[in-house]
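To keep things clear, I will list the structure first and then write my remarks on it.
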Amino acid sequence: MTAKIGVLNISDRASAGVYEDTPGKACVALLREWLATPFDVDYQVVPDERAVIATELRRMADTSGCCLIVTTGGTGPAPRDVTPEATRDVIEKELPGFGELMRAASLKFVPTAILSRQTAGTRGRTLIVNLPGRPKAIRENLEAVFPAIPYCIDLIGGPRLETNEAAMKVFRPKP
Amino acid sequence: MTAKIGVLNISDRASAGVYEDTPGKACVALLREWLATPFDVDYQVVPDERAVIATELRRMADTSGCCLIVTTGGTGPAPRDVTPEATRDVIEKELPGFGELMRAASLKFVPTAILSRQTAGTRGRTLIVNLPGRPKAIRENLEAVFPAIPYCIDLIGGPRLETNEAAMKVFRPKP
Amino acid sequence: MTAKIGVLNISDRASAGVYEDTPGKACVALLREWLATPFDVDYQVVPDERAVIATELRRMADTSGCCLIVTTGGTGPAPRDVTPEATRDVIEKELPGFGELMRAASLKFVPTAILSRQTAGTRGRTLIVNLPGRPKAIRENLEAVFPAIPYCIDLIGGPRLETNEAAMKVFRPKP
């Protein structure tokens, strides 16, 4: 079985080709490092437009069949930052523990971690997780919550994801 | 004076008699261990149905006169988990600090603690607190937030709850 | 350039003249201690009325041109506590990390910190932050989140606030 994972790079400048879409590439590299289960990546770069982001998240979840979507960027307080709003437009259940833990993890490095409004939630059989835009922060954040992600995907009826235990240990409660 | 406390076991399987309603019983045992003030328990087992849970919470608060209601189960991301939604349907003020602290407390034991969407809030003179479904996690969670519960009930006009200090120390700020 | 900062003391008793408006004065003293950038204070005392608070927050943000508004009081579960509701009535983006960190900071001192529903958010070029009502708790809370406040105001297009580094170190990520 091959799983499908969406990586959505949200950035006006990356989508205009001004910046490289490094954050999205950083996510893919981490997933390749950690996951033992084979997976295809649905990779997109979009501008900071709420409706565009929401449409893309719906497509990745409903049509493309991604069990996990990670977004990068657009989570701060700046006027163009609308990723959490677009995420809330499409999720059915919000999982506040993801945002709480990612902010707490980032707080160990920078006091401005509290400015991130990142969240997570489920849409059908898809888990959507917002990540920050800086590659270093992406690793710190995804590393903090990833141990809970495969079990979450089990619970919503997605594919069973296995990891390379040496790189990333995940947790599943005993039944 | 005798206080009244609601214990609402939320579980499709327990309400169908397939499983024992152990989580609800675990709550009662903890309350008996900690509280010095005499109290009656309004104990119910219901399936994971949003409207049924909300109706029961309203009855326990408005008709039965519970100063505190603890729910067990139904807080995860699975399709049948709707306890937080039902709770938000009936509370007037959400208290996000309860969910934050209970998730942080559970995180010391399992990384999947972030999957719990449990919350708390007030409805009139009643405090409602969501707890997880596993008895071990129930103790870890209720132990973390209980020191703040009697003062919360004071503030909303409920009865003054005293505890057995050796088993559970609570806190009330000096006036 | 002179910045403008709103300090909104929310208290039935202070607005009726029964109590002194000590919490508001504590905020001004902290801001004077920490900020090197000159600033004017827009100082008001209002009762715990949702509509009155919301109107005052809008005036401070839109007409008075405050880059930062701190409120004191009204964040608990008591029936008259409506500051978070009034704040949500006027903000465009909620910043949940502020409430999370302030509750975590207060938890080091009192277990009842979880009863505070305080939040923060932006309205145009204004950052609004709810603080508790007790002067000691105000310092503990504002001290915890202040290092992120000047950068937040940069991001929403407000004036650049500098601090007295010996009293308060703030953080701005390198561009």
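In the structure tokens, chains take letters A, B, ... by order of appearance, with residues numbered from 1 within each chain and ligands from 1 in the order shown.
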List the spatial neighbours of Ile5 (chain C) as a PDB file with N, CA and C atoms, in the first residue's frame - criterion: any atom at most 8 Å away, only C-alpha atoms, same-chain residues fewer than 6 positions off excluded.
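What follows is the written file part-v5.pdb:
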ATOM      1  N   PHE C  39       5.914  57.117  24.989  1.00  0.00           N
ATOM      2  CA  PHE C  39       4.521  56.764  24.654  1.00  0.00           C
ATOM      3  C   PHE C  39       3.540  57.532  25.532  1.00  0.00           C
ATOM      4  N   ASP C  40       2.383  57.791  24.955  1.00  0.00           N
ATOM      5  CA  ASP C  40       1.275  58.375  25.701  1.00  0.00           C
ATOM      6  C   ASP C  40       0.331  57.258  26.104  1.00  0.00           C
ATOM      7  N   VAL C  41      -0.343  57.427  27.242  1.00  0.00           N
ATOM      8  CA  VAL C  41      -1.277  56.412  27.721  1.00  0.00           C
ATOM      9  C   VAL C  41      -2.710  56.914  27.575  1.00  0.00           C
ATOM     10  N   ASP C  42      -3.542  56.087  26.968  1.00  0.00           N
ATOM     11  CA  ASP C  42      -4.986  56.345  26.924  1.00  0.00           C
ATOM     12  C   ASP C  42      -5.586  55.466  28.016  1.00  0.00           C
ATOM     13  N   CYS C  66      -4.157  53.531  19.311  1.00  0.00           N
ATOM     14  CA  CYS C  66      -3.251  52.767  20.173  1.00  0.00           C
ATOM     15  C   CYS C  66      -2.643  51.597  19.394  1.00  0.00           C
ATOM     16  N   CYS C  67      -1.338  51.364  19.544  1.00  0.00           N
ATOM     17  CA  CYS C  67      -0.709  50.205  18.908  1.00  0.00           C
ATOM     18  C   CYS C  67      -0.856  48.980  19.807  1.00  0.00           C
ATOM     19  N   LEU C  68      -1.087  49.213  21.078  1.00  0.00           N
ATOM     20  CA  LEU C  68      -1.233  48.145  22.070  1.00  0.00           C
ATOM     21  C   LEU C  68      -2.310  48.562  23.064  1.00  0.00           C
ATOM     22  N   ILE C  69      -3.191  47.634  23.395  1.00  0.00           N
ATOM     23  CA  ILE C  69      -4.160  47.876  24.470  1.00  0.00           C
ATOM     24  C   ILE C  69      -4.030  46.729  25.455  1.00  0.00           C
ATOM     25  N   VAL C  70      -3.825  47.045  26.718  1.00  0.00           N
ATOM     26  CA  VAL C  70      -3.882  45.996  27.740  1.00  0.00           C
ATOM     27  C   VAL C  70      -5.126  46.232  28.582  1.00  0.00           C
TER      28      VAL C  70
END
- [ ] Identify every residue of chain A that has at least one atom within 9 Å of any atom of chain C, counting only C-alpha atoms, and report the result as a VMD selection string.
- [x] chain A and resid 76 to 79 85 99 to 100 103 to 104 110 to 117
I need the residues from that last selection saved to file as a PDB file, in the first residue's frame (with C-alpha atoms), if you can.
ATOM      1  CA  GLY A  76       1.352  34.688  12.150  1.00  0.00           C
ATOM      2  CA  PRO A  77      -0.550  37.898  12.981  1.00  0.00           C
ATOM      3  CA  ALA A  78       0.388  39.808   9.776  1.00  0.00           C
ATOM      4  CA  PRO A  79      -2.509  40.954   7.561  1.00  0.00           C
ATOM      5  CA  GLU A  85      -8.678  30.666   9.019  1.00  0.00           C
ATOM      6  CA  GLY A  99      -1.073  24.122  18.257  1.00  0.00           C
ATOM      7  CA  GLU A 100      -0.486  24.176  22.012  1.00  0.00           C
ATOM      8  CA  ARG A 103       3.957  26.695  20.362  1.00  0.00           C
ATOM      9  CA  ALA A 104       5.387  25.249  23.582  1.00  0.00           C
ATOM     10  CA  VAL A 110      12.111  31.968  20.582  1.00  0.00           C
ATOM     11  CA  PRO A 111       9.697  34.026  22.745  1.00  0.00           C
ATOM     12  CA  THR A 112       7.855  35.048  19.583  1.00  0.00           C
ATOM     13  CA  ALA A 113       6.499  31.489  19.303  1.00  0.00           C
ATOM     14  CA  ILE A 114       3.292  32.773  20.906  1.00  0.00           C
ATOM     15  CA  LEU A 115       2.594  34.798  17.754  1.00  0.00           C
ATOM     16  CA  SER A 116       1.923  31.620  15.779  1.00  0.00           C
ATOM     17  CA  ARG A 117      -1.774  30.832  15.422  1.00  0.00           C
TER      18      ARG A 117
END
Task: Within 7 Å of Val82 (chain C) using only C-alpha atoms, minus same-chain residues under 3 positions, as a ChimeraX atom specification - done: /C:48,50,74-75,85-86
Please dump the current selection as a PDB file, in the first residue's frame; keep N, CA and C atoms.
ATOM      1  N   ASP C  48     -17.890  46.040  34.182  1.00  0.00           N
ATOM      2  CA  ASP C  48     -17.865  44.743  33.495  1.00  0.00           C
ATOM      3  C   ASP C  48     -19.092  44.569  32.588  1.00  0.00           C
ATOM      4  N   ARG C  50     -20.138  43.964  28.651  1.00  0.00           N
ATOM      5  CA  ARG C  50     -19.565  43.552  27.370  1.00  0.00           C
ATOM      6  C   ARG C  50     -19.597  44.654  26.307  1.00  0.00           C
ATOM      7  N   GLY C  74     -11.779  40.859  34.815  1.00  0.00           N
ATOM      8  CA  GLY C  74     -12.936  40.335  34.097  1.00  0.00           C
ATOM      9  C   GLY C  74     -12.696  39.091  33.263  1.00  0.00           C
ATOM     10  N   THR C  75     -11.636  38.320  33.596  1.00  0.00           N
ATOM     11  CA  THR C  75     -11.309  37.172  32.745  1.00  0.00           C
ATOM     12  C   THR C  75     -11.699  35.825  33.355  1.00  0.00           C
ATOM     13  N   GLU C  85     -15.062  37.796  26.106  1.00  0.00           N
ATOM     14  CA  GLU C  85     -16.138  37.898  25.119  1.00  0.00           C
ATOM     15  C   GLU C  85     -16.065  39.260  24.404  1.00  0.00           C
ATOM     16  N   ALA C  86     -15.910  40.325  25.173  1.00  0.00           N
ATOM     17  CA  ALA C  86     -15.838  41.665  24.581  1.00  0.00           C
ATOM     18  C   ALA C  86     -14.617  41.779  23.673  1.00  0.00           C
TER      19      ALA C  86
END
Chain fit of chain C to chain A, all Cα atoms, as a compact mmCIF listing (two decimals) with C-alpha atoms, in the first residue's frame:
# COMPACT_ATOMS: atom_id res chain seq x y z
CA MET C 1 0.02 -0.01 -0.02
CA THR C 2 1.21 3.48 -0.84
CA ALA C 3 -0.02 6.36 1.31
CA LYS C 4 -0.53 9.87 0.00
CA ILE C 5 0.61 12.98 1.84
CA GLY C 6 -0.14 16.57 0.89
CA VAL C 7 2.44 19.30 1.33
CA LEU C 8 1.01 22.78 0.86
CA ASN C 9 3.49 25.63 0.74
CA ILE C 10 1.58 28.83 1.49
CA SER C 11 3.49 31.96 0.50
CA ASP C 12 2.78 34.94 -1.75
CA ARG C 13 6.43 35.20 -2.66
CA ALA C 14 7.06 31.50 -3.28
CA SER C 15 3.93 31.22 -5.44
CA ALA C 16 5.08 34.25 -7.46
CA GLY C 17 8.46 32.59 -7.92
CA VAL C 18 10.28 35.35 -5.98
CA TYR C 19 11.36 32.97 -3.22
CA GLU C 20 12.16 29.31 -3.41
CA ASP C 21 9.56 27.06 -1.81
CA THR C 22 12.10 25.83 0.74
CA PRO C 23 9.59 25.21 3.59
CA GLY C 24 7.61 22.72 1.51
CA LYS C 25 10.82 20.95 0.50
CA ALA C 26 11.90 20.81 4.15
CA CYS C 27 8.65 18.99 5.00
CA VAL C 28 9.14 16.43 2.26
CA ALA C 29 12.71 15.79 3.44
CA LEU C 30 11.53 15.19 7.02
CA LEU C 31 8.76 12.84 5.93
CA ARG C 32 11.23 10.87 3.77
CA GLU C 33 13.60 10.65 6.74
CA TRP C 34 10.97 9.46 9.22
CA LEU C 35 8.42 7.31 7.35
CA ALA C 36 9.06 3.66 6.49
CA THR C 37 5.69 3.24 4.78
CA PRO C 38 6.01 4.20 1.09
CA PHE C 39 4.12 7.38 0.21
CA ASP C 40 3.46 9.71 -2.69
CA VAL C 41 3.57 13.47 -2.18
CA ASP C 42 0.92 15.85 -3.50
CA TYR C 43 2.97 19.04 -3.55
CA GLN C 44 1.53 22.50 -4.19
CA VAL C 45 2.55 26.14 -3.76
CA VAL C 46 -0.23 28.71 -3.30
CA PRO C 47 -0.44 32.41 -2.35
CA ASP C 48 -1.76 33.62 1.04
CA GLU C 49 -5.38 33.69 -0.13
CA ARG C 50 -7.94 32.13 2.22
CA ALA C 51 -10.24 30.78 -0.51
CA VAL C 52 -7.36 29.41 -2.59
CA ILE C 53 -5.85 27.64 0.42
CA ALA C 54 -9.22 26.18 1.45
CA THR C 55 -9.92 24.92 -2.08
CA GLU C 56 -6.52 23.27 -2.25
CA LEU C 57 -6.95 21.64 1.18
CA ARG C 58 -10.34 20.25 0.12
CA ARG C 59 -8.90 18.88 -3.12
CA MET C 60 -5.97 17.22 -1.34
CA ALA C 61 -8.32 15.64 1.22
CA ASP C 62 -11.36 14.69 -0.85
CA THR C 63 -10.07 14.13 -4.39
CA SER C 64 -6.40 13.35 -3.98
CA GLY C 65 -7.05 11.15 -0.92
CA CYS C 66 -4.24 12.43 1.30
CA CYS C 67 -4.25 10.89 4.80
CA LEU C 68 -2.11 13.79 6.06
CA ILE C 69 -1.69 17.35 4.83
CA VAL C 70 0.99 19.63 6.23
CA THR C 71 0.87 23.32 5.41
CA THR C 72 3.78 25.74 5.77
CA GLY C 73 3.57 29.47 6.44
CA GLY C 74 0.85 32.04 6.93
CA THR C 75 0.21 31.38 10.63
CA GLY C 76 1.35 34.70 12.15
CA PRO C 77 -0.54 37.91 12.98
CA ALA C 78 0.38 39.81 9.78
CA PRO C 79 -2.50 40.96 7.57
CA ARG C 80 -1.72 38.39 4.82
CA ASP C 81 -1.46 35.47 7.29
CA VAL C 82 -4.69 33.49 6.85
CA THR C 83 -3.66 29.83 7.00
CA PRO C 84 -5.45 29.06 10.32
CA GLU C 85 -8.67 30.66 9.01
CA ALA C 86 -8.52 28.63 5.78
CA THR C 87 -7.81 25.49 7.79
CA ARG C 88 -10.82 26.12 10.04
CA ASP C 89 -12.94 26.61 6.91
CA VAL C 90 -12.34 22.98 5.92
CA ILE C 91 -11.78 20.92 9.08
CA GLU C 92 -14.61 19.17 10.89
CA LYS C 93 -12.87 18.66 14.23
CA GLU C 94 -10.18 20.96 15.57
CA LEU C 95 -7.35 19.40 17.60
CA PRO C 96 -6.13 22.25 19.85
CA GLY C 97 -3.40 20.10 21.40
CA PHE C 98 -1.30 20.32 18.22
CA GLY C 99 -1.08 24.12 18.26
CA GLU C 100 -0.49 24.17 22.02
CA LEU C 101 2.38 21.67 21.83
CA MET C 102 4.00 23.25 18.75
CA ARG C 103 3.96 26.70 20.35
CA ALA C 104 5.38 25.24 23.58
CA ALA C 105 8.11 23.48 21.56
CA SER C 106 9.03 26.70 19.70
CA LEU C 107 9.00 28.70 22.94
CA LYS C 108 12.15 26.82 23.97
CA PHE C 109 13.91 28.64 21.12
CA VAL C 110 12.13 31.98 20.59
CA PRO C 111 9.70 34.02 22.74
CA THR C 112 7.85 35.06 19.58
CA ALA C 113 6.51 31.48 19.30
CA ILE C 114 3.29 32.77 20.90
CA LEU C 115 2.60 34.80 17.75
CA SER C 116 1.92 31.62 15.78
CA ARG C 117 -1.76 30.83 15.43
CA GLN C 118 -1.15 27.40 13.88
CA THR C 119 -3.75 24.70 14.45
CA ALA C 120 -4.68 21.19 13.28
CA GLY C 121 -7.83 19.21 12.66
CA THR C 122 -9.51 16.42 10.78
CA ARG C 123 -11.59 16.41 7.63
CA GLY C 124 -13.02 12.95 7.01
CA ARG C 125 -10.04 10.57 6.85
CA THR C 126 -7.50 13.40 6.54
CA LEU C 127 -5.44 15.05 9.26
CA ILE C 128 -4.38 18.64 8.48
CA VAL C 129 -1.51 20.21 10.43
CA ASN C 130 -0.28 23.81 10.09
CA LEU C 131 3.47 24.33 10.33
CA PRO C 132 5.47 27.57 10.42
CA GLY C 133 7.33 28.93 7.40
CA ARG C 134 10.97 28.70 8.51
CA PRO C 135 12.64 25.32 7.80
CA LYS C 136 14.34 25.22 11.23
CA ALA C 137 11.03 25.86 12.99
CA ILE C 138 9.29 23.30 10.76
CA ARG C 139 11.55 20.54 12.08
CA GLU C 140 11.12 21.65 15.72
CA ASN C 141 7.36 21.70 15.32
CA LEU C 142 6.77 18.55 13.30
CA GLU C 143 9.20 16.61 15.51
CA ALA C 144 7.10 17.56 18.55
CA VAL C 145 3.75 16.36 17.23
CA PHE C 146 4.72 13.58 14.82
CA PRO C 147 4.76 10.81 17.47
CA ALA C 148 0.95 11.21 17.71
CA ILE C 149 0.20 11.50 13.98
CA PRO C 150 0.14 7.82 12.87
CA TYR C 151 -2.27 6.86 15.69
CA CYS C 152 -4.48 9.83 14.84
CA ILE C 153 -4.64 8.63 11.22
CA ASP C 154 -5.52 5.10 12.49
CA LEU C 155 -8.41 6.59 14.49
CA ILE C 156 -9.90 8.44 11.53
CA GLY C 157 -9.69 5.39 9.26
CA GLY C 158 -6.57 6.19 7.25
CA PRO C 159 -3.67 3.92 6.27
CA ARG C 160 -1.31 2.52 8.89
CA LEU C 161 1.89 4.58 8.80
CA GLU C 162 5.10 2.98 10.05
CA THR C 163 8.27 4.92 10.80
CA ASN C 164 11.99 4.27 10.84
CA GLU C 165 12.25 3.79 14.59
CA ALA C 166 15.81 5.09 14.74
CA ALA C 167 14.75 8.43 13.27
CA MET C 168 11.24 8.85 14.69
CA LYS C 169 9.50 6.84 17.40
CA VAL C 170 5.74 6.98 17.29
CA PHE C 171 3.24 5.86 19.91
CA ARG C 172 0.11 3.71 19.68
CA PRO C 173 -1.71 2.80 22.92
CA LYS C 174 -2.20 -0.93 23.48
CA PRO C 175 -5.75 -1.91 22.53
Task: Residues flagged strand (DSSP E) by DSSP in region 20-135 of chain A, as number ranges by chain - done: A: 39-46, 68-72, 93-94, 120-123, 126-131
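Within region 2-58 of chain B, the backbone-based DSSP assignment of alpha helix (DSSP H) covers Asp12, Arg13, Ala14, Ser15, Thr22, Pro23, Gly24, Lys25, Ala26, Cys27, Val28, Ala29, Leu30, Leu31, Arg32, Glu33, Trp34, Arg50, Ala51, Val52, Ile53, Ala54, Thr55, Glu56, Leu57 and Arg58 of chain B.
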Kindly export the residues of the current selection with N, CA and C atoms, as a short mmCIF file (atom, residue, chain, number, x, y, z; two decimals), in the first residue's frame.
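out14.cif, written as the output of this step:
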data_model
loop_
_atom_site.label_atom_id
_atom_site.label_comp_id
_atom_site.auth_asym_id
_atom_site.auth_seq_id
_atom_site.Cartn_x
_atom_site.Cartn_y
_atom_site.Cartn_z
N ASP B 12 -20.55 4.41 23.41
CA ASP B 12 -21.51 3.56 22.70
C ASP B 12 -21.55 2.16 23.30
N ARG B 13 -20.37 1.60 23.56
CA ARG B 13 -20.30 0.23 24.03
C ARG B 13 -20.78 0.07 25.47
N ALA B 14 -20.43 1.03 26.33
CA ALA B 14 -20.91 0.93 27.71
C ALA B 14 -22.43 1.10 27.76
N SER B 15 -22.97 2.01 26.93
CA SER B 15 -24.41 2.24 27.00
C SER B 15 -25.18 1.05 26.40
N THR B 22 -16.62 1.36 33.43
CA THR B 22 -15.51 1.58 34.36
C THR B 22 -15.09 3.04 34.50
N PRO B 23 -15.00 3.81 33.41
CA PRO B 23 -14.55 5.20 33.57
C PRO B 23 -15.42 6.00 34.52
N GLY B 24 -16.72 5.87 34.38
CA GLY B 24 -17.62 6.58 35.29
C GLY B 24 -17.40 6.17 36.73
N LYS B 25 -17.20 4.86 36.94
CA LYS B 25 -16.96 4.38 38.30
C LYS B 25 -15.64 4.89 38.85
N ALA B 26 -14.64 5.01 37.97
CA ALA B 26 -13.35 5.55 38.40
C ALA B 26 -13.50 6.99 38.88
N CYS B 27 -14.33 7.76 38.21
CA CYS B 27 -14.58 9.15 38.64
C CYS B 27 -15.21 9.20 40.02
N VAL B 28 -16.23 8.38 40.23
CA VAL B 28 -16.91 8.38 41.52
C VAL B 28 -15.93 8.01 42.62
N ALA B 29 -15.08 7.01 42.36
CA ALA B 29 -14.10 6.59 43.37
C ALA B 29 -13.15 7.74 43.73
N LEU B 30 -12.70 8.48 42.73
CA LEU B 30 -11.79 9.61 43.00
C LEU B 30 -12.49 10.70 43.80
N LEU B 31 -13.73 11.01 43.44
CA LEU B 31 -14.47 12.06 44.16
C LEU B 31 -14.69 11.65 45.61
N ARG B 32 -15.00 10.35 45.83
CA ARG B 32 -15.19 9.84 47.21
C ARG B 32 -13.89 9.94 48.00
N GLU B 33 -12.77 9.70 47.32
CA GLU B 33 -11.46 9.75 47.97
C GLU B 33 -11.07 11.19 48.36
N TRP B 34 -11.40 12.14 47.49
CA TRP B 34 -10.91 13.51 47.68
C TRP B 34 -11.84 14.42 48.47
N ARG B 50 -24.31 13.37 20.02
CA ARG B 50 -24.20 14.78 20.44
C ARG B 50 -25.46 15.30 21.13
N ALA B 51 -26.63 15.06 20.53
CA ALA B 51 -27.86 15.61 21.10
C ALA B 51 -28.21 14.93 22.42
N VAL B 52 -27.95 13.63 22.52
CA VAL B 52 -28.24 12.90 23.76
C VAL B 52 -27.35 13.40 24.89
N ILE B 53 -26.07 13.59 24.58
CA ILE B 53 -25.12 14.08 25.59
C ILE B 53 -25.53 15.48 26.04
N ALA B 54 -25.85 16.35 25.08
CA ALA B 54 -26.21 17.74 25.42
C ALA B 54 -27.47 17.76 26.29
N THR B 55 -28.45 16.94 25.95
CA THR B 55 -29.69 16.89 26.73
C THR B 55 -29.40 16.45 28.16
N GLU B 56 -28.56 15.47 28.29
CA GLU B 56 -28.22 14.94 29.62
C GLU B 56 -27.44 15.98 30.43
N LEU B 57 -26.52 16.69 29.79
CA LEU B 57 -25.76 17.73 30.50
C LEU B 57 -26.70 18.83 30.99
N ARG B 58 -27.65 19.23 30.13
CA ARG B 58 -28.62 20.27 30.52
C ARG B 58 -29.46 19.80 31.71
#
